[in-house]
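Take a look at the structure below.
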Amino acid sequence: MGSGFSGLDEKGPGHGGSSRTGLEGVPEMCLAVILGYLEPPEICKSAMLNKTFHRASSADFVWESKLPDNYQILVNKLKTSSSTSFNRLTKKDIYAFLSAPNRFGPGFAKEVWLEKKKGGLCISISWKGLKITGIDDRRYWNHLPSDESRFKTIAYLQQTWWLEVAGDLEFEFPAGIYSLFFRLQLSGAPKGHERRATASKTVHGWDIKPVHFKLSTSDDQNAVTSCHLSKLNTWVHHHVGDFVVQNSNVATKIKFSMSQIDCTHTKGGLCLDSVFIFPSELGQRIKKY
C-alpha cells in the first residue's frame, strides 16, 4: 500500500521539495477509504503505524462494511447475555464484540462469533445443548472436562447398542452458504485422564455399520450422509451437509442428527465435543483436515 504513495515528496530539503515523505500528507479520509479494502486484521495492524492511521482505522464506514448486513439483529440477540455496555458503541467496537465468542441459549451451551479475517458467522453447540439418548446413564456415557473443547467439557461414550444424537437451532444467519459438522474423536479416553486406555482396546463397533448424519431446514433443504468412523486419537469434523440462507432478517430453523441404531452389535470409545456451523468457504478448508 505504501509504495503507491512513496513518490509524493521524493525531493528532499534543498531540492525544492517538502521534508515530509510517505503517506504523511494523505488526508485522513483518504486513508480510511484505502483501509476499507483491507481485511480486519490488516486494518488493526495499520492502526499501529501512527496517530493518523489510528484515527482513520476507527472510521465507522470502514468497519460497517465488514459487519454482516443484519448485525443490529445479532447485537440485540446477544447483548442480553453480555456484560458489555452498548451505549455509543462505534462500528469497530461492535465488530470486536461480535468477533469475540458470545454464549447464548439455555445453559449458555451455544456460542457464536465472527471469523476475524472474513467476518463470516460461526456457531458452536456443546454436547450439553444436544439431545443424546442415555446421556445421564453412567453405564454408557461419561461427562468429562477437556481442554480440547471450546466448552471445556466433552461427552465420552464407553459402550452402547443405540447411538442417537440430535439437535436444533433457530438463528438469524447472514445471507450465505453454511456447512454443518459434528466434531468427534475415537479414543480410549480424553487426554489427561488416568482412566485412559489404548484406543485399540476400547474403540469398537464403528467398522461394522456406518454412522448416519442428517440435516434439514425450515425451508425444506435436506442433507443425508453416512460414513464409518475410523480415525483414532484425532478430532475429526464430520461434514453433515450445507444449507443456504437468503433472508438474513428471518430466523432460519435447522435440525441435525447422528445415529447408529443397529442393535446387532455394541460400539464404544467415542468422544463427542460439539456441533459446528461455518461459512462454506471456511468449511471447505476444514474438510481437508
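Every chain in the C-alpha cells has a letter given in the order shown (A, B, ...), and although residue numbers restart at 1 in each chain, ligands are simply numbered from 1 in the order shown.
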
Which residues come within 12 Å of Leu282 (chain A), counting only C-alpha atoms, excluding same-chain residues fewer than 3 positions away, as a list of chain:residue names? A:Leu114, A:Glu115, A:Lys116, A:Lys117, A:Lys118, A:Gly119, A:Gly120, A:Leu121, A:Cys122, A:Ile177, A:Tyr178, A:Ser179, A:Leu180, A:Phe181, A:Phe276, A:Ile277, A:Phe278, A:Pro279, A:Arg285, A:Ile286, A:Lys287, A:Lys288, A:Tyr289

Emit the selected residues as a PDB file, in the first residue's frame, including N, CA and C atoms.
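Result saved to selection_2.pdb:
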ATOM      1  N   LEU A 114     -17.857 -14.003  14.956  1.00  0.00           N
ATOM      2  CA  LEU A 114     -17.492 -13.714  13.575  1.00  0.00           C
ATOM      3  C   LEU A 114     -16.057 -14.154  13.340  1.00  0.00           C
ATOM      4  N   GLU A 115     -15.832 -14.863  12.254  1.00  0.00           N
ATOM      5  CA  GLU A 115     -14.470 -15.225  11.870  1.00  0.00           C
ATOM      6  C   GLU A 115     -13.722 -13.938  11.552  1.00  0.00           C
ATOM      7  N   LYS A 116     -12.601 -13.708  12.228  1.00  0.00           N
ATOM      8  CA  LYS A 116     -11.975 -12.395  12.246  1.00  0.00           C
ATOM      9  C   LYS A 116     -11.441 -11.950  10.887  1.00  0.00           C
ATOM     10  N   LYS A 117     -11.044 -12.869  10.044  1.00  0.00           N
ATOM     11  CA  LYS A 117     -10.432 -12.475   8.779  1.00  0.00           C
ATOM     12  C   LYS A 117     -11.468 -12.056   7.749  1.00  0.00           C
ATOM     13  N   LYS A 118     -12.530 -12.843   7.605  1.00  0.00           N
ATOM     14  CA  LYS A 118     -13.539 -12.575   6.575  1.00  0.00           C
ATOM     15  C   LYS A 118     -14.855 -12.072   7.151  1.00  0.00           C
ATOM     16  N   GLY A 119     -15.042 -12.201   8.463  1.00  0.00           N
ATOM     17  CA  GLY A 119     -16.276 -11.720   9.071  1.00  0.00           C
ATOM     18  C   GLY A 119     -17.448 -12.660   8.950  1.00  0.00           C
ATOM     19  N   GLY A 120     -17.215 -13.919   8.532  1.00  0.00           N
ATOM     20  CA  GLY A 120     -18.307 -14.882   8.427  1.00  0.00           C
ATOM     21  C   GLY A 120     -18.774 -15.341   9.790  1.00  0.00           C
ATOM     22  N   LEU A 121     -20.063 -15.634   9.917  1.00  0.00           N
ATOM     23  CA  LEU A 121     -20.628 -16.039  11.198  1.00  0.00           C
ATOM     24  C   LEU A 121     -20.406 -17.522  11.449  1.00  0.00           C
ATOM     25  N   CYS A 122     -19.945 -17.851  12.653  1.00  0.00           N
ATOM     26  CA  CYS A 122     -19.689 -19.231  13.054  1.00  0.00           C
ATOM     27  C   CYS A 122     -20.461 -19.528  14.341  1.00  0.00           C
ATOM     28  N   ILE A 177     -23.983 -19.310   2.353  1.00  0.00           N
ATOM     29  CA  ILE A 177     -23.999 -20.773   2.384  1.00  0.00           C
ATOM     30  C   ILE A 177     -23.212 -21.229   3.611  1.00  0.00           C
ATOM     31  N   TYR A 178     -23.776 -22.200   4.339  1.00  0.00           N
ATOM     32  CA  TYR A 178     -23.163 -22.671   5.581  1.00  0.00           C
ATOM     33  C   TYR A 178     -22.998 -24.184   5.566  1.00  0.00           C
ATOM     34  N   SER A 179     -21.964 -24.639   6.283  1.00  0.00           N
ATOM     35  CA  SER A 179     -21.680 -26.068   6.411  1.00  0.00           C
ATOM     36  C   SER A 179     -21.795 -26.480   7.869  1.00  0.00           C
ATOM     37  N   LEU A 180     -22.380 -27.649   8.118  1.00  0.00           N
ATOM     38  CA  LEU A 180     -22.562 -28.144   9.479  1.00  0.00           C
ATOM     39  C   LEU A 180     -21.707 -29.387   9.703  1.00  0.00           C
ATOM     40  N   PHE A 181     -21.050 -29.444  10.868  1.00  0.00           N
ATOM     41  CA  PHE A 181     -20.141 -30.540  11.210  1.00  0.00           C
ATOM     42  C   PHE A 181     -20.410 -31.055  12.620  1.00  0.00           C
ATOM     43  N   PHE A 276     -20.560 -27.822  14.891  1.00  0.00           N
ATOM     44  CA  PHE A 276     -20.077 -26.543  14.378  1.00  0.00           C
ATOM     45  C   PHE A 276     -20.831 -26.175  13.106  1.00  0.00           C
ATOM     46  N   ILE A 277     -21.103 -24.887  12.964  1.00  0.00           N
ATOM     47  CA  ILE A 277     -21.650 -24.349  11.722  1.00  0.00           C
ATOM     48  C   ILE A 277     -20.709 -23.242  11.255  1.00  0.00           C
ATOM     49  N   PHE A 278     -20.172 -23.401  10.044  1.00  0.00           N
ATOM     50  CA  PHE A 278     -19.204 -22.445   9.491  1.00  0.00           C
ATOM     51  C   PHE A 278     -19.689 -21.933   8.132  1.00  0.00           C
ATOM     52  N   PRO A 279     -19.265 -20.734   7.739  1.00  0.00           N
ATOM     53  CA  PRO A 279     -19.467 -20.334   6.344  1.00  0.00           C
ATOM     54  C   PRO A 279     -18.814 -21.375   5.432  1.00  0.00           C
ATOM     55  N   ARG A 285     -12.161 -25.532   3.871  1.00  0.00           N
ATOM     56  CA  ARG A 285     -10.801 -25.696   4.399  1.00  0.00           C
ATOM     57  C   ARG A 285     -10.767 -26.712   5.520  1.00  0.00           C
ATOM     58  N   ILE A 286     -11.818 -26.737   6.345  1.00  0.00           N
ATOM     59  CA  ILE A 286     -11.862 -27.662   7.478  1.00  0.00           C
ATOM     60  C   ILE A 286     -11.991 -29.095   6.990  1.00  0.00           C
ATOM     61  N   LYS A 287     -12.743 -29.305   5.899  1.00  0.00           N
ATOM     62  CA  LYS A 287     -12.940 -30.665   5.382  1.00  0.00           C
ATOM     63  C   LYS A 287     -11.647 -31.310   4.907  1.00  0.00           C
ATOM     64  N   LYS A 288     -10.615 -30.506   4.677  1.00  0.00           N
ATOM     65  CA  LYS A 288      -9.345 -31.050   4.208  1.00  0.00           C
ATOM     66  C   LYS A 288      -8.540 -31.685   5.327  1.00  0.00           C
ATOM     67  N   TYR A 289      -8.951 -31.433   6.564  1.00  0.00           N
ATOM     68  CA  TYR A 289      -8.174 -31.945   7.710  1.00  0.00           C
ATOM     69  C   TYR A 289      -8.922 -33.063   8.404  1.00  0.00           C
TER      70      TYR A 289
END

Sort by chain and increasing residue number a table of all residues of region 39-143 of chain A within 12 Å of region 26-32 of chain A, each with its closest pair of atoms and their distance in Å to one decimal, counting only C-alpha atoms, and write it as a tab-separated table.
residue	atom	partner	partner_atom	distance
A:Ile43	CA	A:Ala32	CA	9.5
A:Ser46	CA	A:Leu31	CA	10.2
A:Ala47	CA	A:Ala32	CA	10.5
A:Asn50	CA	A:Glu28	CA	11.5
A:Lys51	CA	A:Glu28	CA	10.0
A:Thr52	CA	A:Glu28	CA	6.4
A:Phe53	CA	A:Leu31	CA	7.1
A:His54	CA	A:Glu28	CA	9.6
A:Arg55	CA	A:Glu28	CA	7.6
A:Ala56	CA	A:Ala32	CA	4.7
A:Ser57	CA	A:Ala32	CA	6.0
A:Ser58	CA	A:Ala32	CA	8.2
A:Ala59	CA	A:Ala32	CA	6.7
A:Asp60	CA	A:Ala32	CA	9.5
A:Phe61	CA	A:Ala32	CA	8.4
A:Val62	CA	A:Ala32	CA	6.6
A:Trp63	CA	A:Ala32	CA	10.0
A:Ser65	CA	A:Ala32	CA	11.8

Output all heavy atoms for every residue in the selection just made, as a short mmCIF file (atom, residue, chain, number, x, y, z; two decimals), in the first residue's frame.
data_model
loop_
_atom_site.label_atom_id
_atom_site.label_comp_id
_atom_site.auth_asym_id
_atom_site.auth_seq_id
_atom_site.Cartn_x
_atom_site.Cartn_y
_atom_site.Cartn_z
N ILE A 43 -6.29 -4.07 8.99
CA ILE A 43 -6.69 -2.73 9.43
C ILE A 43 -6.15 -2.46 10.83
O ILE A 43 -5.63 -1.38 11.12
CB ILE A 43 -8.23 -2.60 9.42
CG1 ILE A 43 -8.76 -2.73 7.99
CG2 ILE A 43 -8.65 -1.25 9.99
CD1 ILE A 43 -10.27 -2.77 7.91
N SER A 46 -2.47 -1.73 10.70
CA SER A 46 -2.22 -0.40 10.16
C SER A 46 -2.45 0.68 11.21
O SER A 46 -1.79 1.73 11.20
CB SER A 46 -3.15 -0.13 8.96
OG SER A 46 -2.90 -1.06 7.92
N ALA A 47 -3.38 0.42 12.13
CA ALA A 47 -3.69 1.41 13.17
C ALA A 47 -2.50 1.69 14.08
O ALA A 47 -2.45 2.73 14.75
CB ALA A 47 -4.87 0.93 14.00
N ASN A 50 0.75 5.05 13.11
CA ASN A 50 0.84 6.39 13.71
C ASN A 50 -0.56 6.85 14.08
O ASN A 50 -1.56 6.15 13.84
CB ASN A 50 1.53 7.38 12.76
CG ASN A 50 0.84 7.48 11.41
OD1 ASN A 50 -0.38 7.51 11.32
ND2 ASN A 50 1.64 7.53 10.34
N LYS A 51 -0.67 8.06 14.62
CA LYS A 51 -1.96 8.56 15.09
C LYS A 51 -2.95 8.76 13.95
O LYS A 51 -4.16 8.53 14.11
CB LYS A 51 -1.75 9.88 15.84
CG LYS A 51 -1.02 9.72 17.17
CD LYS A 51 -0.89 11.07 17.88
CE LYS A 51 -0.15 10.90 19.21
NZ LYS A 51 0.00 12.20 19.92
N THR A 52 -2.46 9.20 12.79
CA THR A 52 -3.35 9.41 11.66
C THR A 52 -3.98 8.10 11.20
O THR A 52 -5.18 8.02 10.94
CB THR A 52 -2.59 10.07 10.49
OG1 THR A 52 -2.00 11.29 10.93
CG2 THR A 52 -3.53 10.35 9.32
N PHE A 53 -3.15 7.07 11.09
CA PHE A 53 -3.67 5.76 10.71
C PHE A 53 -4.63 5.24 11.78
O PHE A 53 -5.64 4.59 11.47
CB PHE A 53 -2.52 4.77 10.52
CG PHE A 53 -2.00 4.72 9.11
CD1 PHE A 53 -1.02 5.60 8.69
CD2 PHE A 53 -2.51 3.81 8.21
CE1 PHE A 53 -0.54 5.56 7.40
CE2 PHE A 53 -2.03 3.76 6.91
CZ PHE A 53 -1.05 4.63 6.50
N HIS A 54 -4.31 5.50 13.03
CA HIS A 54 -5.17 5.03 14.12
C HIS A 54 -6.56 5.65 14.02
O HIS A 54 -7.57 4.96 14.14
CB HIS A 54 -4.53 5.35 15.48
CG HIS A 54 -5.30 4.78 16.64
ND1 HIS A 54 -6.33 5.47 17.25
CD2 HIS A 54 -5.20 3.58 17.27
CE1 HIS A 54 -6.82 4.73 18.22
NE2 HIS A 54 -6.16 3.59 18.26
N ARG A 55 -6.60 6.95 13.78
CA ARG A 55 -7.89 7.62 13.65
C ARG A 55 -8.63 7.14 12.39
O ARG A 55 -9.83 6.88 12.43
CB ARG A 55 -7.69 9.14 13.60
CG ARG A 55 -7.25 9.76 14.92
CD ARG A 55 -7.39 11.29 14.88
NE ARG A 55 -6.55 11.85 13.83
CZ ARG A 55 -5.30 12.28 14.02
NH1 ARG A 55 -4.73 12.18 15.22
NH2 ARG A 55 -4.59 12.80 13.02
N ALA A 56 -7.91 7.01 11.29
CA ALA A 56 -8.53 6.57 10.04
C ALA A 56 -9.09 5.16 10.18
O ALA A 56 -10.16 4.84 9.64
CB ALA A 56 -7.52 6.63 8.90
N SER A 57 -8.37 4.31 10.89
CA SER A 57 -8.80 2.91 11.03
C SER A 57 -10.02 2.76 11.91
O SER A 57 -10.62 1.68 11.97
CB SER A 57 -7.65 2.07 11.61
OG SER A 57 -7.41 2.41 12.97
N SER A 58 -10.40 3.82 12.63
CA SER A 58 -11.55 3.75 13.53
C SER A 58 -12.82 4.32 12.90
O SER A 58 -13.86 4.35 13.55
CB SER A 58 -11.24 4.51 14.83
OG SER A 58 -10.14 3.93 15.50
N ALA A 59 -12.74 4.75 11.66
CA ALA A 59 -13.90 5.34 11.00
C ALA A 59 -15.05 4.33 10.92
O ALA A 59 -14.84 3.16 10.59
CB ALA A 59 -13.53 5.82 9.60
N ASP A 60 -16.25 4.78 11.23
CA ASP A 60 -17.40 3.87 11.25
C ASP A 60 -17.63 3.20 9.89
O ASP A 60 -17.96 2.02 9.82
CB ASP A 60 -18.65 4.64 11.66
CG ASP A 60 -18.91 4.58 13.16
OD1 ASP A 60 -18.14 3.89 13.86
OD2 ASP A 60 -19.87 5.21 13.63
N PHE A 61 -17.47 3.96 8.78
CA PHE A 61 -17.78 3.36 7.48
C PHE A 61 -16.78 2.26 7.10
O PHE A 61 -17.09 1.38 6.31
CB PHE A 61 -17.85 4.44 6.40
CG PHE A 61 -16.53 5.02 5.96
CD1 PHE A 61 -15.76 4.40 5.00
CD2 PHE A 61 -16.06 6.20 6.54
CE1 PHE A 61 -14.55 4.95 4.59
CE2 PHE A 61 -14.85 6.74 6.14
CZ PHE A 61 -14.10 6.12 5.17
N VAL A 62 -15.57 2.31 7.68
CA VAL A 62 -14.59 1.25 7.43
C VAL A 62 -15.09 -0.07 8.01
O VAL A 62 -15.06 -1.12 7.35
CB VAL A 62 -13.22 1.61 8.04
CG1 VAL A 62 -12.27 0.41 7.97
CG2 VAL A 62 -12.62 2.81 7.32
N TRP A 63 -15.59 -0.03 9.24
CA TRP A 63 -15.99 -1.25 9.93
C TRP A 63 -17.41 -1.69 9.59
O TRP A 63 -17.71 -2.88 9.66
CB TRP A 63 -15.81 -1.06 11.43
CG TRP A 63 -14.36 -1.00 11.79
CD1 TRP A 63 -13.61 0.11 11.98
CD2 TRP A 63 -13.48 -2.11 11.91
NE1 TRP A 63 -12.29 -0.23 12.23
CE2 TRP A 63 -12.19 -1.60 12.20
CE3 TRP A 63 -13.64 -3.49 11.82
CZ2 TRP A 63 -11.08 -2.43 12.39
CZ3 TRP A 63 -12.54 -4.31 12.00
CH2 TRP A 63 -11.28 -3.78 12.28
N SER A 65 -18.62 -1.79 6.73
CA SER A 65 -18.51 -2.62 5.53
C SER A 65 -18.07 -4.04 5.86
O SER A 65 -18.20 -4.95 5.03
CB SER A 65 -17.53 -1.99 4.54
OG SER A 65 -16.20 -1.99 5.05
#

Residues near region 124-128 of chain A, anyone? I mean within 6 Å using only C-alpha atoms, not counting same-chain ones fewer than 5 positions away, as a PyMOL selection string. chain A and resi 109-111+273-276

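Minimum atom-to-atom distance to Gly105 (chain A), evaluated using only C-alpha atoms, belongs to A:Gly129 out of A:Pro68, A:Pro41, A:Gly129, A:Gly25.
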
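In this structure, CA of Val245 (chain A) sits 21.4 Å away from CA of Ala166 (chain A).
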
Give me, as JSON, numbers by chain, the residues of region 18-152 of chain A that a backbone DSSP run labels strand (DSSP E). {"A": [102, 103, 104, 110, 111, 112, 113, 114, 121, 122, 123, 124, 125, 126, 131, 132, 141, 142, 143, 144, 145]}

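Compared by their closest atoms to Leu67 (chain A), and using only C-alpha atoms, the residues A:Ala223, A:Ile94, A:Ile135, A:Ile154 rank with A:Ile94 nearest.
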
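Using only C-alpha atoms, the smallest distance between any of A:Glu281, A:Pro101, A:Leu215, A:Ile261 and Leu169 (chain A) comes from A:Leu215.
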
Which polymer residues have any atom within 12 Å of an atom of Lys77 (chain A), counting only C-alpha atoms, with same-chain residues fewer than 6 positions away left out, as number ranges by chain? A: 70-71, 98, 102-105, 112, 170-173, 251
